[in-house]
>>> print(open('final.txt').read())   # compact mmCIF, C-alpha atoms
# COMPACT_ATOMS: atom_id res chain seq x y z
CA MET S 236 8.41 53.79 30.10
CA ASN S 237 4.75 52.90 30.58
CA ILE S 238 1.86 54.92 29.20
CA CYS S 239 -1.88 54.44 29.56
CA ILE S 240 -4.52 56.04 27.37
CA PHE S 241 -7.77 56.17 29.29
CA GLU S 242 -11.44 56.80 28.65
CA ASP S 243 -13.19 59.20 31.01
CA LEU S 244 -16.72 59.85 32.24
CA PHE S 245 -17.62 62.06 29.31
CA ILE S 246 -17.13 59.64 26.41
CA SER S 247 -20.88 58.94 26.14
CA ARG S 248 -21.20 62.39 24.54
CA LEU S 249 -19.22 61.06 21.56
CA ALA S 250 -21.71 58.35 20.64
CA PRO S 251 -22.14 56.78 18.14
CA LEU S 252 -18.55 57.38 16.98
CA ASN S 253 -16.97 55.33 19.78
CA TYR S 254 -19.52 52.51 20.06
CA PHE S 255 -17.22 50.09 18.19
CA ARG S 256 -13.80 51.55 19.07
CA HIS S 257 -11.68 52.98 21.83
CA THR S 258 -12.29 56.72 22.03
CA SER S 259 -8.63 57.36 21.15
CA LYS S 260 -9.28 55.75 17.74
CA LEU S 261 -11.35 58.75 16.68
CA ILE S 262 -9.77 60.85 13.95
CA CYS S 263 -8.83 64.51 13.86
CA GLY S 264 -6.37 65.48 11.14
CA ALA S 265 -4.43 62.73 9.38
CA ASP S 266 -3.98 60.53 12.45
CA THR S 267 -6.12 59.03 15.18
CA LEU S 268 -5.98 60.60 18.63
CA LEU S 269 -4.14 57.45 19.74
CA GLU S 270 -1.43 57.81 17.09
CA LYS S 271 -0.79 61.41 18.10
CA ILE S 272 0.27 60.08 21.50
CA THR S 273 2.03 56.83 20.62
CA ASN S 274 4.05 58.39 17.76
CA PHE S 275 5.68 60.70 20.30
CA PHE S 276 7.08 57.90 22.46
CA PRO S 277 9.76 55.29 21.63
CA ALA S 278 8.56 52.12 19.92
CA LYS S 279 9.43 50.00 22.98
CA THR S 280 7.09 51.99 25.23
CA THR S 281 4.57 49.74 27.02
CA LEU S 282 1.04 50.80 26.10
CA THR S 283 -2.08 50.16 28.15
CA LEU S 284 -5.55 51.00 26.90
CA HIS S 285 -8.10 51.62 29.62
CA SER S 286 -11.52 50.98 28.11
CA ARG S 287 -15.13 50.07 28.65
CA ASN S 288 -15.41 46.37 29.40
CA TYR S 289 -17.59 45.44 26.42
CA ILE S 290 -15.02 46.58 23.84
CA ALA S 291 -12.01 45.14 25.70
CA PRO S 292 -12.00 41.71 23.93
CA TYR S 293 -12.09 43.43 20.53
CA LEU S 294 -9.27 45.77 21.56
CA ALA S 295 -7.20 42.76 22.59
CA GLU S 296 -7.52 41.50 19.00
CA LYS S 297 -6.71 44.85 17.41
CA PHE S 298 -3.83 45.76 19.73
CA SER S 299 -2.01 42.49 20.31
CA LYS S 300 1.05 44.24 21.77
CA ALA S 301 -0.89 46.50 24.14
CA ARG S 302 -2.23 45.71 27.59
CA ILE S 303 -6.00 46.13 27.97
CA ASN S 304 -7.23 47.30 31.39
CA ASP S 305 -4.08 45.78 32.88
CA LEU S 306 -1.42 48.18 34.11
CA PRO S 307 2.19 46.96 34.37
CA GLU S 308 4.29 47.60 37.44
CA GLY S 309 6.31 50.80 37.67
CA ASP S 310 5.77 54.47 36.94
CA CYS S 311 3.13 55.31 34.35
CA LEU S 312 2.00 58.35 32.37
CA PHE S 313 -1.75 58.59 31.72
CA PHE S 314 -3.33 60.50 28.82
CA ASN S 315 -6.98 61.29 28.16
CA SER S 316 -8.29 59.64 24.98
CA ARG S 317 -10.42 62.72 24.16
CA VAL S 318 -7.54 65.20 23.88
CA VAL S 319 -6.00 66.25 20.56
CA PHE S 320 -2.35 66.25 21.64
CA LYS S 321 0.47 67.79 19.64
CA ALA S 322 4.14 66.96 20.08
CA ASP S 323 4.77 70.24 21.93
CA ASP S 324 1.96 69.42 24.37
CA LEU S 325 3.49 66.04 25.13
CA LYS S 326 6.95 67.59 25.60
CA VAL S 327 5.57 70.00 28.19
CA ILE S 328 3.66 67.25 29.98
CA THR S 329 6.54 64.77 30.17
CA LYS S 330 8.88 67.54 31.34
CA LEU S 331 6.45 68.48 34.11
CA PHE S 332 6.02 64.89 35.25
CA LYS S 333 9.80 64.39 35.44
CA LYS S 334 9.95 67.25 37.93
CA GLN S 335 6.71 66.49 39.78
CA ASN S 336 5.73 62.87 40.34
CA ASN S 337 2.13 61.96 41.17
CA THR S 338 0.77 65.06 39.49
CA ALA S 339 -2.43 65.61 37.46
CA ILE S 340 -3.22 68.21 34.78
CA LEU S 341 -6.85 69.33 34.82
CA GLN S 342 -8.92 71.54 32.55
CA ASP S 343 -12.45 72.48 33.59
CA LYS S 344 -12.61 69.41 35.85
CA ALA S 345 -11.59 67.15 32.96
CA VAL S 346 -8.46 65.08 33.58
CA ILE S 347 -6.01 65.82 30.74
CA ALA S 348 -3.07 63.69 31.94
CA PHE S 349 -1.48 62.43 35.14
CA HIS S 350 1.59 60.64 36.45
CA LEU S 351 1.66 57.81 38.99
CA SER S 352 4.68 56.37 40.72
CA GLY S 353 4.93 52.60 41.01
CA GLU S 354 3.36 52.63 44.46
CA LYS S 355 0.44 54.76 43.29
CA VAL S 356 -0.07 52.48 40.29
CA LEU S 357 -0.72 49.59 42.66
CA GLN S 358 -3.37 51.69 44.40
CA TYR S 359 -4.90 52.72 41.12
CA LYS S 360 -5.25 49.13 39.94
CA GLU S 361 -8.02 48.81 42.51
CA VAL S 362 -9.95 51.42 40.55
CA ILE S 363 -9.11 50.62 36.95
CA ASN S 364 -9.87 46.89 37.18
CA ARG S 365 -13.32 47.02 38.71
CA GLU S 366 -15.92 44.77 37.13
CA ASP S 367 -18.07 47.70 36.08
CA ASP S 368 -16.96 50.35 33.56
CA ASN S 369 -14.98 52.61 35.83
CA LEU S 370 -14.28 55.58 33.60
CA VAL S 371 -11.65 57.99 34.91
CA SER S 372 -12.98 61.03 36.76
CA TYR S 373 -11.87 63.98 38.84
CA ALA S 374 -12.92 61.99 41.91
CA ASP S 375 -10.30 59.32 41.10
CA ILE S 376 -7.56 61.94 41.08
CA GLU S 377 -8.75 63.29 44.42
CA TRP S 378 -8.85 59.76 45.85
CA LEU S 379 -5.25 59.19 44.78
CA GLY S 380 -4.17 62.42 46.49
CA LEU S 381 -2.32 63.81 43.48
CA GLN S 382 -0.98 67.33 43.06
CA MET S 383 -3.27 69.40 40.84
CA THR S 384 -2.15 71.64 37.96
CA GLU S 385 -4.74 73.70 36.07
CA ALA S 386 -4.57 74.16 32.29
CA LYS S 387 -6.74 75.93 29.71
CA ASP S 388 -5.31 75.46 26.22
CA TYR S 389 -5.80 71.73 25.50
CA ARG S 390 -8.20 70.75 22.75
CA LEU S 391 -10.76 68.40 24.26
CA ILE S 392 -13.20 66.54 22.05
CA ASN S 393 -16.42 67.10 23.99
CA TYR S 394 -18.85 66.45 21.14
CA PRO S 395 -18.56 64.90 17.65
CA SER S 396 -18.67 68.37 16.07
CA ASP S 397 -15.33 69.21 17.73
CA LEU S 398 -13.56 66.71 15.48
CA ILE S 399 -14.72 68.71 12.46
CA LEU S 400 -14.01 72.05 14.16
CA TYR S 401 -10.35 71.19 14.85
CA ASN S 402 -9.75 69.14 11.71
CA GLU S 403 -8.21 71.78 9.44
CA ASP S 404 -5.62 72.99 11.92
CA GLN S 405 -4.74 69.45 12.94
CA LEU S 406 -4.56 68.19 9.35
CA ASN S 407 -2.15 70.99 8.41
CA TYR S 408 -0.08 70.15 11.47
CA ASP S 409 0.01 66.39 10.82
CA LEU S 410 0.92 66.83 7.16
CA SER S 411 3.71 69.30 7.98
CA ILE S 412 5.28 66.60 10.17
CA GLU S 413 4.66 63.77 7.71
CA MET S 414 5.94 65.81 4.73
CA LYS S 415 9.03 67.47 6.15
CA GLY S 416 10.48 70.52 4.46
CA LYS S 417 8.84 72.50 1.67
CA LYS S 418 7.25 69.52 -0.06
CA LYS S 419 3.57 70.13 -0.85
CA LEU S 420 2.56 66.92 -2.63
CA HIS S 421 3.30 63.30 -1.76
CA ILE S 422 2.23 60.40 -3.95
CA GLY S 423 2.91 56.98 -2.45
CA LYS S 424 4.20 53.79 -3.98
CA LYS S 425 2.27 51.96 -6.71
CA CYS S 426 -0.34 54.70 -7.05
CA SER S 427 -2.22 55.12 -10.32
CA ILE S 428 -2.87 58.75 -11.27
CA GLY S 429 -5.11 59.30 -14.30
CA LYS S 430 -4.85 62.02 -16.91
CA ASN S 431 -6.01 65.57 -16.16
CA VAL S 432 -5.93 65.15 -12.38
CA VAL S 433 -5.38 68.51 -10.65
CA PHE S 434 -3.54 68.67 -7.31
CA ASP S 435 -4.07 72.19 -5.94
CA THR S 436 -1.68 72.82 -3.04
CA SER S 437 -2.30 76.58 -2.86
CA ALA S 438 -4.19 76.25 0.44
CA GLY S 439 -2.53 73.15 1.93
CA ARG S 440 -0.51 69.99 1.39
CA ILE S 441 -1.81 66.83 -0.24
CA TYR S 442 -0.74 63.35 0.86
CA ILE S 443 -1.70 60.29 -1.22
CA ASN S 444 -0.82 56.97 0.40
CA ASP S 445 0.33 53.77 -1.30
CA ASN S 446 -1.68 51.72 -3.82
CA THR S 447 -4.33 54.40 -4.34
CA ILE S 448 -6.08 54.99 -7.67
CA ILE S 449 -7.11 58.49 -8.72
CA GLU S 450 -9.12 58.42 -11.92
CA PRO S 451 -9.00 61.13 -14.63
CA PHE S 452 -10.54 64.60 -14.34
CA THR S 453 -10.37 64.68 -10.53
CA TYR S 454 -9.73 67.94 -8.64
CA ILE S 455 -8.12 67.82 -5.17
CA LYS S 456 -7.46 70.98 -3.16
CA GLY S 457 -5.40 70.66 0.03
CA PRO S 458 -5.10 70.13 2.84
CA VAL S 459 -6.06 66.54 2.04
CA TYR S 460 -4.93 63.14 3.30
CA ILE S 461 -5.97 60.03 1.34
CA GLY S 462 -5.13 56.62 2.79
CA GLU S 463 -3.80 53.46 1.19
CA ASN S 464 -5.75 51.26 -1.26
CA CYS S 465 -8.33 53.95 -2.03
CA THR S 466 -10.16 54.64 -5.27
CA ILE S 467 -11.09 58.22 -6.16
CA ARG S 468 -13.60 58.05 -9.01
CA SER S 469 -13.38 60.14 -12.18
CA GLY S 470 -14.68 63.68 -11.86
CA SER S 471 -14.44 63.81 -8.06
CA GLN S 472 -14.03 67.20 -6.38
CA ILE S 473 -12.29 67.14 -3.02
CA TYR S 474 -11.90 70.42 -1.16
CA GLY S 475 -9.79 70.29 1.98
CA PRO S 476 -9.63 69.93 4.83
CA VAL S 477 -10.51 66.32 4.04
CA ARG S 478 -9.20 63.10 5.56
CA ILE S 479 -10.07 59.84 3.78
CA GLY S 480 -9.05 56.59 5.46
CA GLY S 481 -7.64 53.49 3.84
CA SER S 482 -9.67 51.23 1.51
CA CYS S 483 -12.31 53.89 0.77
CA LYS S 484 -14.06 54.37 -2.56
CA VAL S 485 -15.29 57.91 -3.12
CA SER S 486 -16.81 60.12 -5.78
CA GLY S 487 -18.77 63.37 -6.07
CA GLU S 488 -18.07 66.53 -4.06
CA ILE S 489 -16.47 66.29 -0.62
CA THR S 490 -15.41 69.17 1.62
CA CYS S 491 -14.28 69.57 5.23
CA SER S 492 -15.00 65.93 6.17
CA ILE S 493 -13.45 62.93 7.91
CA LEU S 494 -13.91 59.39 6.62
CA HIS S 495 -12.78 56.33 8.53
CA TRP S 496 -11.52 53.21 6.74
CA TYR S 497 -13.80 51.19 4.43
CA VAL S 498 -16.26 53.97 3.56
CA ASN S 499 -18.18 53.74 0.25
CA LYS S 500 -19.26 56.96 -1.43
CA GLN S 501 -18.96 55.84 -5.02
CA HIS S 502 -21.52 58.15 -6.61
CA TYR S 503 -22.38 61.81 -7.07
CA GLY S 504 -23.71 63.88 -4.18
CA PHE S 505 -22.37 66.46 -1.73
CA LEU S 506 -20.68 65.54 1.57
CA GLY S 507 -19.72 68.51 3.72
CA HIS S 508 -18.47 69.03 7.29
CA SER S 509 -19.33 65.42 8.12
CA TYR S 510 -17.81 62.48 9.99
CA LEU S 511 -18.36 58.94 8.66
CA CYS S 512 -17.36 55.80 10.56
CA GLU S 513 -16.28 52.46 9.08
CA TRP S 514 -18.44 50.46 6.67
CA VAL S 515 -20.77 53.37 5.91
CA ASN S 516 -22.28 53.26 2.41
CA LEU S 517 -23.83 56.31 0.74
CA GLY S 518 -26.22 55.65 -2.14
CA ALA S 519 -26.15 57.66 -5.37
CA GLY S 520 -27.17 61.27 -4.86
CA THR S 521 -26.90 61.20 -1.06
CA THR S 522 -26.42 64.81 0.02
CA THR S 523 -25.70 66.49 3.35
CA SER S 524 -26.69 70.04 4.19
CA ASN S 525 -23.88 71.73 6.13
CA LEU S 526 -25.20 75.31 6.39
CA LYS S 527 -28.59 76.71 7.37
CA ASN S 528 -30.30 79.24 5.12
CA ASN S 529 -30.36 81.77 7.97
CA TYR S 530 -26.69 81.13 8.90
CA SER S 531 -27.60 80.36 12.52
CA LYS S 532 -25.47 78.17 14.80
CA ILE S 533 -26.11 74.46 14.45
CA VAL S 534 -27.53 72.46 17.36
CA LEU S 535 -26.75 68.79 17.99
CA ALA S 536 -28.87 66.28 19.89
CA VAL S 537 -26.52 64.59 22.39
CA ASN S 538 -27.80 62.20 25.10
CA GLY S 539 -31.26 63.74 24.85
CA GLU S 540 -29.92 67.28 25.21
CA LYS S 541 -29.62 70.11 22.69
CA ILE S 542 -26.00 71.24 22.32
CA ASN S 543 -25.08 74.48 20.56
CA THR S 544 -21.98 73.76 18.47
CA ASN S 545 -21.19 77.50 18.13
CA SER S 546 -20.54 76.84 14.46
CA ILE S 547 -22.61 77.64 11.38
CA PHE S 548 -21.08 74.67 9.53
CA LEU S 549 -21.87 71.05 10.34
CA GLY S 550 -23.14 68.24 8.16
CA SER S 551 -23.82 64.73 9.46
CA VAL S 552 -22.27 62.37 11.99
CA VAL S 553 -22.78 58.74 10.91
CA GLY S 554 -22.04 55.57 12.90
CA ASP S 555 -20.51 52.31 11.65
CA HIS S 556 -22.33 50.04 9.18
CA THR S 557 -25.07 52.55 8.35
CA LYS S 558 -26.40 52.41 4.77
CA MET S 559 -28.20 55.11 2.80
CA GLY S 560 -30.42 54.63 -0.25
CA ILE S 561 -30.30 56.73 -3.41
CA HIS S 562 -31.07 60.45 -3.07
CA THR S 563 -30.92 60.36 0.73
CA MET S 564 -31.13 63.93 2.08
CA LEU S 565 -29.62 64.80 5.46
CA ASN S 566 -30.16 68.09 7.23
CA THR S 567 -27.58 70.18 9.06
CA GLY S 568 -26.46 68.60 12.33
CA THR S 569 -27.90 65.14 11.65
CA MET S 570 -26.79 62.35 14.00
CA VAL S 571 -27.16 58.76 12.77
CA GLY S 572 -26.42 55.72 14.92
CA VAL S 573 -24.77 52.43 13.97
CA SER S 574 -26.28 49.78 11.66
CA SER S 575 -29.14 51.94 10.45
CA ASN S 576 -30.76 52.09 7.02
CA LEU S 577 -32.00 55.37 5.54
CA TYR S 578 -34.29 55.55 2.50
CA GLY S 579 -37.28 57.35 1.04
CA ALA S 580 -37.99 60.81 -0.37
CA GLY S 581 -37.53 63.96 1.71
CA TYR S 582 -35.33 64.98 4.62
CA HIS S 583 -34.73 62.56 7.47
CA ASN S 584 -35.05 63.44 11.14
CA LYS S 585 -31.97 64.97 12.71
CA MET S 586 -31.54 62.06 15.14
CA ILE S 587 -31.79 58.51 13.84
CA PRO S 588 -31.23 55.76 16.43
CA SER S 589 -28.94 52.79 16.02
CA TYR S 590 -30.30 49.56 14.56
CA SER S 591 -33.25 51.12 12.80
CA TRP S 592 -34.85 51.56 9.38
CA ASP S 593 -35.76 55.20 8.75
CA ASP S 594 -38.21 56.09 5.97
CA ALA S 595 -38.15 59.78 5.05
CA SER S 596 -41.31 59.42 2.93
CA SER S 597 -43.52 58.32 5.83
CA ASN S 598 -41.37 59.63 8.70
CA GLU S 599 -41.53 56.09 10.12
CA ASN S 600 -38.69 54.53 12.08
CA ILE S 601 -38.73 50.82 12.90
CA ALA S 602 -36.26 48.56 14.70
CA TYR S 603 -33.67 46.57 12.75
CA GLU S 604 -33.49 42.93 13.84
CA ILE S 605 -30.07 42.26 15.34
CA GLU S 606 -29.51 38.98 13.48
CA LYS S 607 -30.16 40.68 10.13
CA ALA S 608 -27.97 43.65 11.11
CA ILE S 609 -25.07 41.36 11.98
CA SER S 610 -25.54 39.32 8.80
CA THR S 611 -25.40 42.47 6.64
CA ALA S 612 -22.38 43.79 8.52
CA ARG S 613 -20.59 40.48 8.09
CA THR S 614 -21.30 40.51 4.34
CA SER S 615 -20.02 44.08 4.00
CA MET S 616 -16.80 43.16 5.72
CA GLN S 617 -16.29 39.95 3.74
CA ARG S 618 -16.58 41.97 0.50
CA ARG S 619 -13.36 43.71 1.58
CA ASN S 620 -11.75 40.45 2.78
CA VAL S 621 -12.30 41.28 6.46
CA GLU S 622 -13.75 38.54 8.65
CA MET S 623 -16.01 39.55 11.54
CA SER S 624 -14.57 38.09 14.74
CA GLU S 625 -16.59 36.75 17.65
CA ALA S 626 -15.45 39.71 19.75
CA TYR S 627 -16.71 42.17 17.13
CA GLU S 628 -20.08 40.41 16.93
CA LYS S 629 -20.44 40.49 20.72
CA MET S 630 -19.65 44.19 20.67
CA MET S 631 -22.45 44.77 18.15
CA ARG S 632 -24.88 42.78 20.26
CA HIS S 633 -23.95 44.72 23.40
CA VAL S 634 -24.74 48.07 21.75
CA TYR S 635 -28.04 46.67 20.46
CA GLU S 636 -29.08 45.30 23.84
CA ASN S 637 -28.19 48.50 25.68
CA ARG S 638 -29.59 51.08 23.26
CA ASP S 639 -31.69 53.89 24.73
CA GLU S 640 -34.53 55.85 23.13
CA THR S 641 -32.93 59.18 24.12
CA GLN S 642 -29.56 58.21 22.66
CA LEU S 643 -28.16 56.94 19.41
>>> encode(input="final.txt", output="structure tokens")
Amino acid sequence: MNICIFEDLFISRLAPLNYFRHTSKLICGADTLLEKITNFFPAKTTLTLHSRNYIAPYLAEKFSKARINDLPEGDCLFFNSRVVFKADDLKVITKLFKKQNNTAILQDKAVIAFHLSGEKVLQYKEVINREDDNLVSYADIEWLGLQMTEAKDYRLINYPSDLILYNEDQLNYDLSIEMKGKKKLHIGKKCSIGKNVVFDTSAGRIYINDNTIIEPFTYIKGPVYIGENCTIRSGSQIYGPVRIGGSCKVSGEITCSILHWYVNKQHYGFLGHSYLCEWVNLGAGTTTSNLKNNYSKIVLAVNGEKINTNSIFLGSVVGDHTKMGIHTMLNTGTMVGVSSNLYGAGYHNKMIPSYSWDDASSNENIAYEIEKAISTARTSMQRRNVEMSEAYEKMMRHVYENRDETQL
């Protein structure tokens, strides 16, 4: 069986989270959106990732067994990288496609999934392999002449805030699958658990992956997933739903947040309803506001537009390689791009562009030289024994060269 996970026309609304990764590598719950799909299918399934051209070389490094923008011959199932699929969703979809070939599932003009026979795949290759970034659209489905099926219940990630909105339900779901039966607490191999650590599973399961250190006097309330090779500093307070990726070092108070791999939050300070990408470093006392004093709905700045999240809770969305100085204060609904540096007294602006230095004291924002940004990023990665590849560096340069004042 062949499957393809594609990016569509709307992925720009998820910046800066997907600047340095395929959109399906975003996280909601314990797993990435990609893993929710691939875990459903047999290990021998041929995987194709349809992506923007500038990240394709990096994806080829990261997914050596996958095909990048190169569909194999034969029937293929296509899945949108922005959808939070559950196993039951995938069962329904595959069952439908067995009965109805060359069929597409749509939701509010967004393409959720579609099936192509071998003949149609050959036609589609003309679209997917264009030199420009040809992101999948409703027009492509019309051009292919597929049967249309309308849906309404799929969870689409339209904006970064949706990852936080759906995180609790998805985390409970993922942990129920990972920890089969009535088990509430899992502690992996070679973990070090200090004295007086409290695991509170009254509100959800707790999963601690291998080789993780949890220092004394730490309180963890589920649902919580903590990845491998992490260090949870003494006195930490983690209130689920929280997902912490592998090789993170955290401390202080964390609630309702998602951390990618290699995040440093080693000091006190509150992190709430926030999403942090890889290689983010929070200085001592960095604090996010996640609730307005008047309890009004939080508005995000996305592609120069104001988007109502319809939620009263939202902290900060922070792109890869961004660093924050001590006592950094972030307001509700703050969006920070990649490779930025935040410092100074007072609250920062709610939108901080990529590759910039932002001074809260003077409200001044200046550009970050790309050579210095890459040098710092390379040093951060080397400190964790990760070498920056040429493809990764080119990806960073592409984002720098194509940044827009109205975007992150």
>>> closest_residue(input="final.txt", among="S:Val515, S:Gln617, S:Tyr627, S:Asp397", to="Asn543 (chain S)", atoms="only C-alpha atoms")
S:Asp397
>>> atom_distance(input="final.txt", atom1="CA of Glu628 (chain S)", atom2="CA of Met616 (chain S)")
12.0 Å
>>> closest_residue(input="final.txt", among="S:Ile347, S:Leu341, S:Leu511, S:Ile328", to="Gly480 (chain S)", atoms="all atoms listed in the file")
S:Leu511
>>> residues_around(input="final.txt", residues="region 370-377 of chain S", least_positions_apart="3", cutoff="12 Å", atoms="all atoms listed in the file", output="count of residues only")
52
>>> closest_atom_pairs(input="final.txt", of="region 493-550 of chain S", to="region 448-465 of chain S", cutoff="12 Å", atoms="all atoms listed in the file", output="Markdown table")
| residue | atom | partner | partner_atom | distance |
| --- | --- | --- | --- | --- |
| S:Ile493 | CA | S:Tyr460 | CA | 9.7 |
| S:Leu494 | CA | S:Ile461 | CA | 9.6 |
| S:His495 | CA | S:Gly462 | CA | 9.6 |
| S:Trp496 | CA | S:Gly462 | CA | 8.3 |
| S:Tyr497 | CA | S:Cys465 | CA | 8.9 |
| S:Val498 | CA | S:Cys465 | CA | 9.7 |
| S:Asn499 | CA | S:Cys465 | CA | 10.1 |
| S:Lys500 | CA | S:Cys465 | CA | 11.4 |
| S:Gln501 | CA | S:Cys465 | CA | 11.2 |
>>> residues_near_point(input="final.txt", point="(-29.9, 67.4, 21.2)", cutoff="12 Å", atoms="all atoms listed in the file", output="list in words")
Arg248, Tyr394, Ile533, Val534, Leu535, Ala536, Val537, Asn538, Gly539, Glu540, Lys541, Ile542, Asn543, Thr544, Gly568, Thr569, Met570, Asn584, Lys585, Met586, Ile587, Thr641, Gln642 and Leu643 of chain S
>>> residues_around(input="final.txt", residues="Val356 (chain S)", least_positions_apart="6", cutoff="9 Å", atoms="all atoms listed in the file", output="ChimeraX atom specification")
/S:306-311
>>> write_last_selection(input="final.txt", atoms="C-alpha atoms", output="PDB file, in the coordinates of the input")
ATOM      1  CA  LEU S 306      -1.420  48.180  34.110  1.00  0.00           C
ATOM      2  CA  PRO S 307       2.190  46.960  34.370  1.00  0.00           C
ATOM      3  CA  GLU S 308       4.290  47.600  37.440  1.00  0.00           C
ATOM      4  CA  GLY S 309       6.310  50.800  37.670  1.00  0.00           C
ATOM      5  CA  ASP S 310       5.770  54.470  36.940  1.00  0.00           C
ATOM      6  CA  CYS S 311       3.130  55.310  34.350  1.00  0.00           C
TER       7      CYS S 311
END
>>> residues_around(input="final.txt", residues="Leu400 (chain S)", least_positions_apart="3", cutoff="10 Å", atoms="all atoms listed in the file", output="number ranges by chain")
S: 263, 392, 395-397, 403-405, 491, 508, 544-546, 548-549
>>> axis_aligned_box(input="final.txt", around="region 595-614 of chain S", padding_each_side="6 Å", output="JSON")
{"center_x": -32.1, "center_y": 49.4, "center_z": 9.1, "size_x": 34.9, "size_y": 32.8, "size_z": 24.4}
>>> residues_around(input="final.txt", residues="region 296-299 of chain S", least_positions_apart="3", cutoff="10 Å", atoms="all atoms listed in the file", output="list in words")
Arg256, Leu282, Thr283, Leu284, Ala291, Pro292, Tyr293, Arg302, Ile303, Ser624, Ala626 and Tyr627 of chain S
>>> atom_distance(input="final.txt", atom1="CA of Asn444 (chain S)", atom2="CA of Leu420 (chain S)")
10.9 Å
>>> closest_residue(input="final.txt", among="S:Gly572, S:Pro476, S:Gly470, S:Gly481", to="Ile443 (chain S)", atoms="only C-alpha atoms")
S:Gly481
>>> residues_around(input="final.txt", residues="Asp324 (chain S)", least_positions_apart="6", cutoff="12 Å", atoms="all atoms listed in the file", output="compact mmCIF listing (two decimals) with C-alpha atoms, keeping the file's coordinate frame")
# COMPACT_ATOMS: atom_id res chain seq x y z
CA LYS S 271 -0.79 61.41 18.10
CA ILE S 272 0.27 60.08 21.50
CA PHE S 275 5.68 60.70 20.30
CA PHE S 314 -3.33 60.50 28.82
CA VAL S 318 -7.54 65.20 23.88
CA LYS S 330 8.88 67.54 31.34
CA LEU S 331 6.45 68.48 34.11
CA ILE S 340 -3.22 68.21 34.78
CA ILE S 347 -6.01 65.82 30.74
CA ALA S 348 -3.07 63.69 31.94
CA ALA S 386 -4.57 74.16 32.29
CA ASP S 388 -5.31 75.46 26.22
CA TYR S 389 -5.80 71.73 25.50
CA ARG S 390 -8.20 70.75 22.75
>>> atom_distance(input="final.txt", atom1="CA of Ile441 (chain S)", atom2="CA of Leu410 (chain S)")
7.9 Å
>>> closest_residue(input="final.txt", among="S:Lys558, S:His633, S:Lys425, S:Lys333", to="Ser615 (chain S)", atoms="all atoms listed in the file")
S:Lys558
>>> closest_residue(input="final.txt", among="S:Asn529, S:Thr523, S:Ser492, S:Asn393", to="Ala265 (chain S)", atoms="all atoms listed in the file")
S:Ser492
>>> closest_residue(input="final.txt", among="S:Val477, S:Val621, S:Ile262, S:Leu312", to="Thr329 (chain S)", atoms="only C-alpha atoms")
S:Leu312
